[in-house]
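Visitor: Take a look at model27.cif, mmCIF, C-alpha atoms:
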```cif
data_coords
loop_
_atom_site.label_atom_id
_atom_site.label_comp_id
_atom_site.auth_asym_id
_atom_site.auth_seq_id
_atom_site.Cartn_x
_atom_site.Cartn_y
_atom_site.Cartn_z
CA MET A 1071 -13.18 -35.43 -1.97
CA LYS A 1072 -10.40 -32.97 -1.35
CA LYS A 1073 -7.35 -32.79 -3.53
CA LEU A 1074 -3.90 -31.72 -2.42
CA ILE A 1075 -1.79 -29.60 -4.76
CA ALA A 1076 1.52 -27.83 -4.36
CA ILE A 1077 1.49 -24.19 -5.39
CA LEU A 1078 4.74 -22.45 -6.11
CA ILE A 1079 4.74 -19.06 -4.46
CA ALA A 1080 7.73 -16.74 -4.36
CA GLY A 1081 10.33 -19.46 -4.53
CA SER A 1082 8.88 -21.76 -1.86
CA PHE A 1083 6.29 -24.53 -1.86
CA LEU A 1084 3.03 -24.06 0.01
CA SER A 1085 0.69 -27.01 0.51
CA VAL A 1086 -2.86 -26.04 -0.32
CA THR A 1087 -5.98 -28.07 0.30
CA LEU A 1088 -8.82 -27.28 -2.06
CA GLY A 1089 -12.32 -28.19 -1.02
CA SER A 1090 -15.27 -29.13 -3.16
CA VAL A 1091 -16.06 -25.47 -3.88
CA ALA A 1092 -16.62 -25.08 -7.62
CA TRP A 1093 -14.47 -21.96 -8.06
CA ALA A 1094 -11.39 -23.72 -6.72
CA ASP A 1095 -11.23 -26.06 -9.70
CA ARG A 1096 -11.19 -23.10 -12.08
CA PHE A 1097 -7.95 -21.50 -10.86
CA PRO A 1098 -5.37 -21.56 -13.71
CA ARG A 1099 -2.00 -22.46 -12.20
CA SER A 1100 -0.44 -19.74 -14.39
CA TRP A 1101 -2.05 -17.17 -12.07
CA LEU A 1102 0.23 -18.18 -9.26
CA TRP A 1103 3.61 -17.65 -10.85
CA ASP A 1104 5.17 -16.18 -13.96
CA THR A 1105 6.82 -18.73 -16.26
CA ASN A 1106 9.17 -15.95 -17.39
CA ALA A 1107 10.94 -16.57 -14.09
CA LEU A 1108 12.25 -19.81 -15.60
CA LYS A 1109 13.90 -17.98 -18.52
CA MET A 1110 17.67 -17.43 -18.26
CA VAL A 1111 19.38 -14.51 -19.99
CA ASP A 1112 22.80 -14.88 -21.64
CA THR A 1113 24.87 -11.88 -20.47
CA ALA A 1114 28.18 -12.76 -22.14
CA LYS A 1115 28.06 -9.65 -24.35
CA TYR A 1116 28.01 -7.40 -21.27
CA LYS A 1117 31.10 -8.92 -19.65
CA LYS A 1118 33.68 -6.35 -18.55
CA LYS A 1119 36.69 -6.25 -16.28
CA PRO A 1120 36.05 -4.69 -12.87
CA PRO A 1121 35.92 -2.24 -11.23
CA TYR A 1122 32.57 -1.03 -12.57
CA VAL A 1123 30.64 2.21 -12.76
CA ILE A 1124 26.98 1.58 -11.91
CA GLY A 1125 24.03 3.96 -11.77
CA PHE A 1126 20.94 3.48 -9.62
CA SER A 1127 17.88 5.50 -10.64
CA ASN A 1128 15.34 5.34 -7.82
CA ALA A 1129 11.71 6.34 -8.29
CA SER A 1130 11.72 7.96 -4.86
CA VAL A 1131 12.26 7.60 -1.13
CA SER A 1132 8.75 8.94 -0.48
CA ASN A 1133 7.73 6.35 2.09
CA SER A 1134 9.45 4.20 4.69
CA TRP A 1135 9.52 1.08 2.50
CA ARG A 1136 11.39 3.00 -0.18
CA VAL A 1137 13.83 4.40 2.39
CA TYR A 1138 14.76 0.92 3.63
CA PHE A 1139 14.89 -0.40 0.05
CA ASP A 1140 17.19 2.47 -0.99
CA LEU A 1141 19.47 1.77 1.98
CA GLN A 1142 19.66 -1.93 1.04
CA VAL A 1143 20.87 -0.94 -2.44
CA ARG A 1144 23.48 1.48 -1.09
CA ALA A 1145 24.69 -0.88 1.64
CA GLU A 1146 25.27 -3.73 -0.82
CA ALA A 1147 27.06 -1.41 -3.25
CA ASP A 1148 29.31 -0.30 -0.38
CA ASN A 1149 29.91 -3.95 0.50
CA GLN A 1150 31.09 -4.56 -3.08
CA LYS A 1151 33.61 -1.68 -3.20
CA GLY A 1152 36.29 -3.96 -4.62
CA LEU A 1153 34.18 -4.57 -7.74
CA ILE A 1154 32.42 -1.19 -7.93
CA LYS A 1155 34.52 1.90 -8.62
CA LYS A 1156 31.65 4.42 -8.71
CA PHE A 1157 28.04 3.98 -7.63
CA TYR A 1158 25.77 6.87 -8.55
CA VAL A 1159 22.32 7.22 -6.96
CA THR A 1160 19.49 9.51 -8.08
CA ASP A 1161 16.05 10.20 -6.59
CA ALA A 1162 13.20 11.13 -8.95
CA ASN A 1163 10.75 12.14 -6.21
CA ASP A 1164 8.06 10.03 -7.94
CA LYS A 1165 8.26 12.30 -11.02
CA PRO A 1166 8.68 10.39 -14.32
CA ASP A 1167 10.06 13.44 -16.17
CA LYS A 1168 12.76 13.92 -13.54
CA GLN A 1169 13.64 10.23 -13.65
CA ILE A 1170 14.06 10.34 -17.42
CA ALA A 1171 16.49 13.25 -16.97
CA ASP A 1172 18.22 11.34 -14.15
CA VAL A 1173 18.80 8.34 -16.44
CA GLU A 1174 20.15 10.55 -19.22
CA ASP A 1175 22.56 12.11 -16.73
CA LEU A 1176 23.73 8.68 -15.50
CA VAL A 1177 24.38 7.54 -19.06
CA ALA A 1178 26.40 10.72 -19.69
CA LYS A 1179 28.57 9.81 -16.68
CA GLY A 1180 29.67 6.65 -18.50
CA ILE A 1181 27.93 3.97 -16.45
CA ASP A 1182 28.55 0.31 -17.29
CA LEU A 1183 25.09 -0.75 -16.06
CA LEU A 1184 21.83 0.88 -14.97
CA ILE A 1185 19.70 -0.29 -12.05
CA ILE A 1186 16.28 1.32 -12.10
CA SER A 1187 13.11 1.30 -10.04
CA ALA A 1188 10.72 3.01 -12.45
CA ALA A 1189 8.32 5.71 -11.25
CA THR A 1190 5.73 4.42 -13.73
CA MET A 1191 5.90 1.52 -16.18
CA ALA A 1192 4.85 3.43 -19.29
CA ALA A 1193 6.73 6.72 -18.91
CA LEU A 1194 10.15 5.15 -18.27
CA ASP A 1195 9.88 2.46 -20.94
CA PRO A 1196 11.24 4.55 -23.87
CA ILE A 1197 14.37 5.72 -22.03
CA VAL A 1198 15.14 2.24 -20.68
CA THR A 1199 14.70 0.81 -24.19
CA ARG A 1200 17.10 3.45 -25.50
CA VAL A 1201 19.70 2.65 -22.86
CA MET A 1202 19.55 -1.03 -23.78
CA LYS A 1203 19.94 -0.18 -27.48
CA GLU A 1204 23.08 1.77 -26.59
CA GLY A 1205 24.55 -1.46 -25.22
CA ILE A 1206 24.20 -0.59 -21.54
CA PRO A 1207 22.51 -3.44 -19.64
CA VAL A 1208 19.55 -2.57 -17.40
CA VAL A 1209 18.44 -4.35 -14.24
CA THR A 1210 14.96 -3.33 -13.08
CA VAL A 1211 14.08 -3.74 -9.42
CA ASP A 1212 10.86 -3.37 -7.44
CA ARG A 1213 9.16 -1.57 -10.36
CA ARG A 1214 9.69 -2.64 -13.96
CA VAL A 1215 8.97 -0.91 -17.27
CA LYS A 1216 6.15 -1.83 -19.62
CA SER A 1217 8.19 -3.68 -22.25
CA ASP A 1218 10.65 -6.55 -21.76
CA ASN A 1219 13.58 -4.36 -22.82
CA PHE A 1220 15.81 -5.06 -19.82
CA VAL A 1221 18.14 -7.86 -18.76
CA SER A 1222 16.56 -8.87 -15.46
CA PHE A 1223 13.74 -7.83 -13.12
CA VAL A 1224 14.30 -8.32 -9.38
CA THR A 1225 10.93 -8.45 -7.66
CA SER A 1226 8.57 -10.46 -5.51
CA SER A 1227 5.50 -11.41 -7.54
CA ASN A 1228 2.97 -8.60 -7.24
CA TYR A 1229 0.25 -10.63 -8.94
CA THR A 1230 0.72 -13.38 -6.36
CA GLN A 1231 0.56 -10.81 -3.56
CA GLY A 1232 -2.73 -9.36 -4.81
CA ARG A 1233 -4.21 -12.82 -5.36
CA MET A 1234 -3.20 -14.20 -1.97
CA GLN A 1235 -4.52 -11.11 -0.16
CA MET A 1236 -7.86 -11.32 -1.96
CA LEU A 1237 -8.12 -15.09 -1.55
CA TRP A 1238 -7.64 -14.75 2.21
CA LEU A 1239 -10.21 -11.94 2.42
CA ALA A 1240 -12.78 -13.81 0.32
CA GLU A 1241 -12.37 -16.97 2.37
CA VAL A 1242 -12.64 -15.12 5.70
CA LEU A 1243 -15.89 -13.61 4.39
CA LYS A 1244 -17.02 -17.10 3.29
CA GLY A 1245 -17.60 -15.80 -0.23
CA LYS A 1246 -20.23 -13.18 0.69
CA GLY A 1247 -20.28 -9.47 1.49
CA ASN A 1248 -19.01 -6.09 0.33
CA ILE A 1249 -15.39 -4.93 0.16
CA VAL A 1250 -13.37 -1.87 -0.71
CA MET A 1251 -9.88 -1.79 -2.23
CA LEU A 1252 -7.09 0.67 -1.43
CA GLY A 1253 -4.33 0.60 -4.05
CA GLY A 1254 -0.86 2.12 -4.04
CA PHE A 1255 0.51 4.65 -6.54
CA ALA A 1256 -1.53 4.88 -9.76
CA GLY A 1257 0.50 3.71 -12.77
CA ALA A 1258 3.26 2.10 -10.69
CA GLY A 1259 3.86 -1.52 -11.66
CA PRO A 1260 3.45 -3.08 -8.19
CA ALA A 1261 0.19 -1.21 -7.52
CA GLU A 1262 -1.45 -2.08 -10.84
CA GLU A 1263 -0.27 -5.71 -10.83
CA ARG A 1264 -1.50 -6.30 -7.27
CA ILE A 1265 -4.89 -4.80 -8.08
CA ASP A 1266 -5.14 -6.94 -11.23
CA GLY A 1267 -4.20 -10.05 -9.26
CA GLY A 1268 -6.76 -9.25 -6.56
CA LYS A 1269 -9.51 -8.69 -9.11
CA GLU A 1270 -8.75 -12.02 -10.81
CA ILE A 1271 -9.47 -13.83 -7.55
CA LEU A 1272 -12.44 -11.60 -6.73
CA ALA A 1273 -14.05 -12.59 -10.04
CA GLN A 1274 -14.26 -16.16 -8.71
CA PHE A 1275 -16.48 -15.02 -5.81
CA PRO A 1276 -19.74 -13.67 -7.29
CA GLY A 1277 -21.15 -13.27 -3.79
CA ILE A 1278 -18.65 -10.51 -2.97
CA LYS A 1279 -19.29 -7.00 -4.30
CA LEU A 1280 -16.57 -4.38 -4.80
CA LEU A 1281 -17.99 -1.09 -3.49
CA ASP A 1282 -15.03 1.15 -4.26
CA LEU A 1283 -11.38 1.22 -5.39
CA GLN A 1284 -9.14 4.19 -4.71
CA TYR A 1285 -5.40 4.88 -4.78
CA ALA A 1286 -3.77 6.00 -1.53
CA ASN A 1287 -0.18 6.38 -2.78
CA TRP A 1288 1.18 3.89 -0.21
CA SER A 1289 0.64 6.56 2.44
CA PRO A 1290 -0.78 5.69 5.90
CA ALA A 1291 -2.09 9.27 6.19
CA GLU A 1292 -3.89 9.09 2.85
CA GLY A 1293 -5.09 5.57 3.64
CA LYS A 1294 -6.75 6.84 6.83
CA LYS A 1295 -8.31 9.82 5.06
CA ILE A 1296 -9.69 7.74 2.17
CA MET A 1297 -10.91 4.96 4.47
CA ALA A 1298 -12.73 7.53 6.64
CA ALA A 1299 -14.43 8.91 3.53
CA MET A 1300 -15.42 5.40 2.42
CA ILE A 1301 -16.88 4.71 5.88
CA GLN A 1302 -18.88 7.92 5.59
CA SER A 1303 -20.17 6.82 2.16
CA TYR A 1304 -20.84 3.12 2.79
CA GLY A 1305 -20.83 2.72 6.58
CA LYS A 1306 -21.58 -0.75 7.89
CA LYS A 1307 -22.00 -2.05 4.32
CA ILE A 1308 -18.19 -2.52 4.30
CA ASP A 1309 -17.46 -6.11 5.33
CA GLY A 1310 -13.76 -6.23 4.44
CA VAL A 1311 -10.82 -4.12 3.23
CA TRP A 1312 -8.22 -5.17 0.66
CA GLY A 1313 -5.01 -3.17 0.64
CA ASP A 1314 -1.59 -4.03 -0.76
CA GLY A 1315 0.66 -1.82 1.34
CA LEU A 1316 1.42 0.95 3.82
CA GLN A 1317 -1.91 2.73 3.31
CA ASN A 1318 -3.78 0.12 5.29
CA ALA A 1319 -1.95 1.04 8.49
CA GLY A 1320 -3.95 4.27 8.24
CA ALA A 1321 -7.10 2.49 7.06
CA LEU A 1322 -6.89 0.32 10.17
CA GLU A 1323 -6.95 3.43 12.37
CA ALA A 1324 -10.03 4.80 10.58
CA LEU A 1325 -11.85 1.48 10.95
CA ASN A 1326 -10.97 1.26 14.65
CA GLU A 1327 -12.19 4.80 15.31
CA ALA A 1328 -15.47 3.93 13.57
CA GLY A 1329 -15.86 0.76 15.63
CA MET A 1330 -15.67 -1.47 12.53
CA LYS A 1331 -13.49 -4.50 13.25
CA VAL A 1332 -13.65 -5.98 9.73
CA PRO A 1333 -10.99 -8.22 8.11
CA ILE A 1334 -8.18 -6.30 6.44
CA THR A 1335 -5.04 -7.07 4.43
CA GLY A 1336 -1.73 -5.22 4.33
CA ASP A 1337 2.03 -5.57 4.21
CA HIS A 1338 4.76 -5.88 6.83
CA LEU A 1339 4.95 -2.23 7.89
CA ASN A 1340 5.59 -2.53 11.62
CA ALA A 1341 2.81 -0.08 12.51
CA PHE A 1342 0.25 -2.28 10.75
CA LEU A 1343 1.52 -5.49 12.31
CA VAL A 1344 1.63 -4.10 15.87
CA ARG A 1345 -1.77 -2.32 15.69
CA VAL A 1346 -3.49 -5.41 14.29
CA GLN A 1347 -2.21 -7.37 17.26
CA GLU A 1348 -3.10 -4.68 19.80
CA LEU A 1349 -6.58 -4.00 18.44
CA GLY A 1350 -7.50 -7.61 17.66
CA PHE A 1351 -8.37 -7.17 13.98
CA PRO A 1352 -8.64 -10.22 11.71
CA ALA A 1353 -5.83 -9.59 9.24
CA MET A 1354 -3.46 -11.02 6.66
CA SER A 1355 -0.06 -9.57 5.74
CA ILE A 1356 2.43 -10.48 3.02
CA ASP A 1357 5.79 -8.75 2.71
CA PHE A 1358 7.47 -7.12 -0.29
CA PRO A 1359 11.08 -7.62 0.89
CA VAL A 1360 13.23 -4.49 1.05
CA SER A 1361 16.20 -6.86 0.65
CA MET A 1362 15.51 -7.02 -3.09
CA GLY A 1363 17.51 -3.79 -3.23
CA ALA A 1364 20.66 -5.70 -2.27
CA ASP A 1365 19.71 -8.50 -4.68
CA SER A 1366 19.60 -6.02 -7.57
CA VAL A 1367 23.23 -5.02 -6.95
CA LEU A 1368 24.35 -8.66 -6.81
CA THR A 1369 22.43 -9.32 -10.04
CA ALA A 1370 24.10 -6.33 -11.71
CA LEU A 1371 27.54 -7.71 -10.82
CA LYS A 1372 26.63 -11.09 -12.33
CA VAL A 1373 25.55 -9.38 -15.55
CA LEU A 1374 28.83 -7.46 -15.81
CA ASN A 1375 30.71 -10.69 -15.11
CA GLY A 1376 28.94 -12.34 -18.05
CA THR A 1377 27.12 -14.83 -15.80
CA PRO A 1378 23.63 -15.88 -16.99
CA VAL A 1379 20.82 -14.46 -14.82
CA PRO A 1380 17.07 -15.18 -14.61
CA PHE A 1381 14.88 -12.81 -16.60
CA ILE A 1382 12.71 -12.53 -13.48
CA ILE A 1383 14.14 -13.01 -10.00
CA ASP A 1384 11.30 -13.72 -7.57
CA VAL A 1385 12.53 -12.95 -4.05
CA PRO A 1386 11.05 -15.22 -1.33
CA ARG A 1387 8.49 -13.67 1.00
CA THR A 1388 6.53 -14.38 4.17
CA ILE A 1389 2.77 -14.68 4.69
CA ILE A 1390 1.24 -14.19 8.13
CA THR A 1391 -2.39 -14.19 9.27
CA THR A 1392 -4.22 -13.69 12.53
CA VAL A 1393 -6.60 -16.40 11.37
CA ASP A 1394 -5.76 -19.03 8.76
CA THR A 1395 -8.22 -19.86 5.99
CA GLU A 1396 -8.52 -23.06 4.00
CA ASN A 1397 -5.97 -21.97 1.41
CA VAL A 1398 -3.98 -19.17 3.07
CA LYS A 1399 -1.96 -20.04 6.15
CA SER A 1400 0.77 -18.32 8.17
CA ASP A 1401 4.39 -19.18 7.48
CA VAL A 1402 5.25 -18.00 11.01
CA PRO A 1403 3.20 -16.71 13.98
CA TRP A 1404 2.11 -13.06 13.70
CA ASP A 1405 3.97 -12.01 16.84
CA GLN A 1406 7.30 -13.07 15.32
CA MET A 1407 6.94 -10.36 12.68
CA ALA A 1408 5.35 -7.62 14.82
CA HIS A 1409 8.00 -5.80 16.91
CA LYS A 1410 6.61 -3.55 19.66
CA ASP A 1411 10.11 -2.25 20.38
CA TRP A 1412 10.66 -1.10 16.79
CA PRO A 1413 9.56 2.25 15.27
CA ASP A 1414 6.19 2.27 13.47
CA ASP A 1415 7.88 2.89 10.11
CA ALA A 1416 10.36 0.00 10.43
CA TRP A 1417 10.60 -2.98 8.09
CA ASN A 1418 12.23 -6.39 8.46
CA ASN A 1419 15.58 -6.03 6.67
CA THR A 1420 19.09 -7.40 6.19
CA LEU A 1421 20.91 -4.10 6.75
CA PRO A 1422 24.16 -3.93 8.73
CA ALA A 1423 23.65 -1.92 11.93
CA LYS A 1424 25.55 1.11 10.60
CA TRP A 1425 23.07 1.41 7.71
CA LEU A 1426 19.87 1.35 9.78
CA PRO A 1427 17.85 4.60 9.68
CA LYS A 1428 18.69 6.88 12.57
#
```
Could you render the structure from this file as C-alpha cells?

Guide:
Amino acid sequence: MKKLIAILIAGSFLSVTLGSVAWADRFPRSWLWDTNALKMVDTAKYKKKPPYVIGFSNASVSNSWRVYFDLQVRAEADNQKGLIKKFYVTDANDKPDKQIADVEDLVAKGIDLLIISAATMAALDPIVTRVMKEGIPVVTVDRRVKSDNFVSFVTSSNYTQGRMQMLWLAEVLKGKGNIVMLGGFAGAGPAEERIDGGKEILAQFPGIKLLDLQYANWSPAEGKKIMAAMIQSYGKKIDGVWGDGLQNAGALEALNEAGMKVPITGDHLNAFLVRVQELGFPAMSIDFPVSMGADSVLTALKVLNGTPVPFIIDVPRTIITTVDTENVKSDVPWDQMAHKDWPDDAWNNTLPAKWLPK
C-alpha cells in the first residue's frame, strides 16, 4: 500500500508518493531540510540609524551564474539608496587569500555590516569569525563559512538539490546501472554539500555503482573536457550523469557527440535547458536562484534595523524534468524555463532591464 507524505523543499510543499520499495521507508526526513532554518536570530544589538555603510565580498564573477548573482546584489543595493550610504563590492577571483585581504580592507573602511559569499568554507571562516567578534554583523549568501559564526545565511538548500538530482537519476535508472558525478568547485560549500546530498541518496540504491567523481569548477568547457575523458575511460558503461551546475551543459555536448543519450541532471543555465530540449535527452534541472543576491541585501537591512531574521533563509526554487519519476516531478513544463531567444549564458532573474548583462 502506498503512503502519501508531504516533503518540505525550499519553502514549498511537494506531494510525494512512496511505493513499496524498501529504501523509501528508510529516508530520514531530516535529509530534506535543515531545522536550523526554523531558528530566528535576535539582531537588536546591531540596530543602527540609517544610512548604512555595507561591504559585499564576492568569491568571484568567474561564471555566468556568479555574474547574474553579483548584479542582483548591486541592483538591490542601488534600489535601497535611501538606506545605504556606501556599498562597497570586492571580487576575490576565487582566491581565498585575496578574499581575506578584501574583507580586512572592507572592515578598515568602517562598514556597518559585511555580506560575503565565501570562496571556500574553511579558509574564510577565521576572518568572518573575527569580524563578528569585532561587533560587525555578517550575512553569508550563496556560500557560507564552516562555523556558525554569522548572523544569517541566505541560500537555497544545496543538500536538497544534490538529493533531488540523485533521486531523479536513480529512479530513471530503476535502481540499476553505473553513473559518474561532476561536481563544482572543490572546497566551495555548495559543491561539497550537493555532492554529500547526492551520495546520501545514492547509498540507498545498492544496484547503482559510482564509476567516477571529478570537479569541473562549474565550467561548461571543463565539464565537456572531463566528460569526454570519462567516456574514453568507461564508454558505454556510463548509464547516467549527475551534475549540480553549469558544467553539465558541456557534459551534455560530449555525450551527444559520443552518441550516448543517457539521463543527466543540471541547473537552469539556459544553454543546458535549450540543448536538452533540442537533443531530446532525458534530464532533470533544479535552479539555484540568482535572486538570493537581492535577498541578502534585504536581510542585511533587517539586521541593521534590529529586526529578527532566520539563521538560514532558504530561497524557493523550481524543479523541472523531461520525464517525471515516482518521487520527482516538474513544477512547470520544461519549455517554460528554456528560452531559445535568450543567450546561452542567461539565467532566470529578477533584474530591472537596466541591470541585465549587455

Visitor: Could you work out how far atom CA of A:Leu1349 lies from atom CA of A:Asp1405, giving the answer in Å with one decimal?

Guide: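 Taking atom CA of A:Asp1405 as the start and atom CA of A:Leu1349 as the end point, the length is 13.3 Å.
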
Visitor: Take atom CA of A:Leu1283 and atom CA of A:Thr1395 and report the distance between them in Å, one decimal.

Guide: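 Spanning atom CA of A:Leu1283 to atom CA of A:Thr1395 is a straight-line distance of 24.2 Å.
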
Visitor: Give as a ChimeraX atom specification the residues that the PyMOL selection byres ((chain A and resi 1372) around 12) matches when applied to the coordinates above.

Guide: /A:1111-1114,1116-1120,1122,1153,1183,1207,1209,1221-1222,1365-1371,1373-1380

Visitor: Once the PyMOL selection byres ((chain A and resi 1301) around 12) has been applied to the shown file, what residues remain in the selection, as a VMD selection string?

Guide: chain A and resid 1249 to 1250 1281 to 1282 1294 to 1300 1302 to 1311 1321 to 1330 1332

Visitor: Just to be explicit: take each residue in the selection above, keep C-alpha atoms, and write the result as a PDB file, in the frame of the given file.

Guide:
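Below is the file out-v3.pdb, written as the result:
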```pdb
ATOM      1  CA  ILE A1249     -15.390  -4.930   0.160  1.00  0.00           C
ATOM      2  CA  VAL A1250     -13.370  -1.870  -0.710  1.00  0.00           C
ATOM      3  CA  LEU A1281     -17.990  -1.090  -3.490  1.00  0.00           C
ATOM      4  CA  ASP A1282     -15.030   1.150  -4.260  1.00  0.00           C
ATOM      5  CA  LYS A1294      -6.750   6.840   6.830  1.00  0.00           C
ATOM      6  CA  LYS A1295      -8.310   9.820   5.060  1.00  0.00           C
ATOM      7  CA  ILE A1296      -9.690   7.740   2.170  1.00  0.00           C
ATOM      8  CA  MET A1297     -10.910   4.960   4.470  1.00  0.00           C
ATOM      9  CA  ALA A1298     -12.730   7.530   6.640  1.00  0.00           C
ATOM     10  CA  ALA A1299     -14.430   8.910   3.530  1.00  0.00           C
ATOM     11  CA  MET A1300     -15.420   5.400   2.420  1.00  0.00           C
ATOM     12  CA  GLN A1302     -18.880   7.920   5.590  1.00  0.00           C
ATOM     13  CA  SER A1303     -20.170   6.820   2.160  1.00  0.00           C
ATOM     14  CA  TYR A1304     -20.840   3.120   2.790  1.00  0.00           C
ATOM     15  CA  GLY A1305     -20.830   2.720   6.580  1.00  0.00           C
ATOM     16  CA  LYS A1306     -21.580  -0.750   7.890  1.00  0.00           C
ATOM     17  CA  LYS A1307     -22.000  -2.050   4.320  1.00  0.00           C
ATOM     18  CA  ILE A1308     -18.190  -2.520   4.300  1.00  0.00           C
ATOM     19  CA  ASP A1309     -17.460  -6.110   5.330  1.00  0.00           C
ATOM     20  CA  GLY A1310     -13.760  -6.230   4.440  1.00  0.00           C
ATOM     21  CA  VAL A1311     -10.820  -4.120   3.230  1.00  0.00           C
ATOM     22  CA  ALA A1321      -7.100   2.490   7.060  1.00  0.00           C
ATOM     23  CA  LEU A1322      -6.890   0.320  10.170  1.00  0.00           C
ATOM     24  CA  GLU A1323      -6.950   3.430  12.370  1.00  0.00           C
ATOM     25  CA  ALA A1324     -10.030   4.800  10.580  1.00  0.00           C
ATOM     26  CA  LEU A1325     -11.850   1.480  10.950  1.00  0.00           C
ATOM     27  CA  ASN A1326     -10.970   1.260  14.650  1.00  0.00           C
ATOM     28  CA  GLU A1327     -12.190   4.800  15.310  1.00  0.00           C
ATOM     29  CA  ALA A1328     -15.470   3.930  13.570  1.00  0.00           C
ATOM     30  CA  GLY A1329     -15.860   0.760  15.630  1.00  0.00           C
ATOM     31  CA  MET A1330     -15.670  -1.470  12.530  1.00  0.00           C
ATOM     32  CA  VAL A1332     -13.650  -5.980   9.730  1.00  0.00           C
TER      33      VAL A1332
END
```

Visitor: Translate the PyMOL selection byres ((chain A and resi 1163-1170) around 12), as applied to the file shown, into an explicit residue set as a ChimeraX atom specification.

Guide: /A:1126-1133,1136-1137,1159-1162,1171-1177,1186-1201,1213,1215,1255-1258,1287

Visitor: From the set A:Ala1240, A:Val1123, A:Ala1353, A:Ala1261, which residue has the shortest atom-to-atom contact distance to A:Leu1184, counting only C-alpha atoms?

Guide: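 For A:Leu1184, the nearest of the candidates is A:Val1123.
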
Visitor: One decimal, Å: what's the distance from atom CA of A:Trp1135 over to atom CA of A:Gly1363, could you say?

Guide: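 Between atom CA of A:Trp1135 and atom CA of A:Gly1363 the gap works out to 11.0 Å.
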
Visitor: From the set A:Ala1145, A:Val1398, A:Ile1154, A:Ile1389, which residue has the shortest atom-to-atom contact distance to A:Pro1121, counting only C-alpha atoms?

Guide: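 Looking at the shortest contact to A:Pro1121, the residue is A:Ile1154.
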
Visitor: Box for stretch 1390-1396 of chain A - axis-aligned, 4 Å on each of the six sides, all listed atoms - centre and size in Å to one decimal, as lines of an AutoDock Vina configuration file.

Guide:
```
center_x = -3.6
center_y = -18.4
center_z = 8.3
size_x = 17.8
size_y = 17.4
size_z = 16.5
```

Visitor: Of the candidates A:Ile1206, A:Ile1382, A:Leu1343, A:Leu1316, which one gets nearest to A:Asp1218 if we count only C-alpha atoms?

Guide: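 The shortest atom-to-atom distance to A:Asp1218 comes from A:Ile1382.
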
Visitor: Find the residue from A:Gly1254, A:Phe1139, A:Val1346, A:Glu1292 that sits nearest to A:Ala1416; use all atoms listed in the file when measuring.

Guide: A:Phe1139

Visitor: Rank nothing, just name the residue among A:Pro1333, A:Gly1245, A:Pro1422, A:Pro1290 nearest to A:Ile1271, using only C-alpha atoms.

Guide: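 Distance minimum relative to A:Ile1271 lands on A:Gly1245.
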
Visitor: Let me make sure I understand: among A:Leu1339, A:Ser1361, A:Tyr1285, A:Leu1252, which one has the smallest atom-to-atom distance to A:Asp1314 if we use all atoms listed in the file?

Guide: A:Leu1252

Visitor: Leaving out A:Pro1403 and any residue of its chain fewer than 6 positions from it, which residues lie within 9 Å of it when counting only C-alpha atoms, given as a ChimeraX atom specification?

Guide: /A:1390-1392

Visitor: Determine, counting all atoms listed in the file, which protein, DNA and RNA residues have an atom within 9 Å of an atom of A:Trp1417; residues of the same chain fewer than 3 positions away are not included. Present the result as a list in words.

Guide: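 Skipping anything fewer than 3 positions along the chain leaves Ser1134, Trp1135, Tyr1138, His1338, Leu1339, Asn1340, Pro1359, Val1360, Trp1412, Pro1413 and Asp1414 of chain A.
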
Visitor: Would you save the residues of that selection, restricted to C-alpha atoms, as a PDB file, keeping the file's coordinate frame?

Guide:
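Resulting contents of again15.pdb:
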```pdb
ATOM      1  CA  SER A1134       9.450   4.200   4.690  1.00  0.00           C
ATOM      2  CA  TRP A1135       9.520   1.080   2.500  1.00  0.00           C
ATOM      3  CA  TYR A1138      14.760   0.920   3.630  1.00  0.00           C
ATOM      4  CA  HIS A1338       4.760  -5.880   6.830  1.00  0.00           C
ATOM      5  CA  LEU A1339       4.950  -2.230   7.890  1.00  0.00           C
ATOM      6  CA  ASN A1340       5.590  -2.530  11.620  1.00  0.00           C
ATOM      7  CA  PRO A1359      11.080  -7.620   0.890  1.00  0.00           C
ATOM      8  CA  VAL A1360      13.230  -4.490   1.050  1.00  0.00           C
ATOM      9  CA  TRP A1412      10.660  -1.100  16.790  1.00  0.00           C
ATOM     10  CA  PRO A1413       9.560   2.250  15.270  1.00  0.00           C
ATOM     11  CA  ASP A1414       6.190   2.270  13.470  1.00  0.00           C
TER      12      ASP A1414
END
```
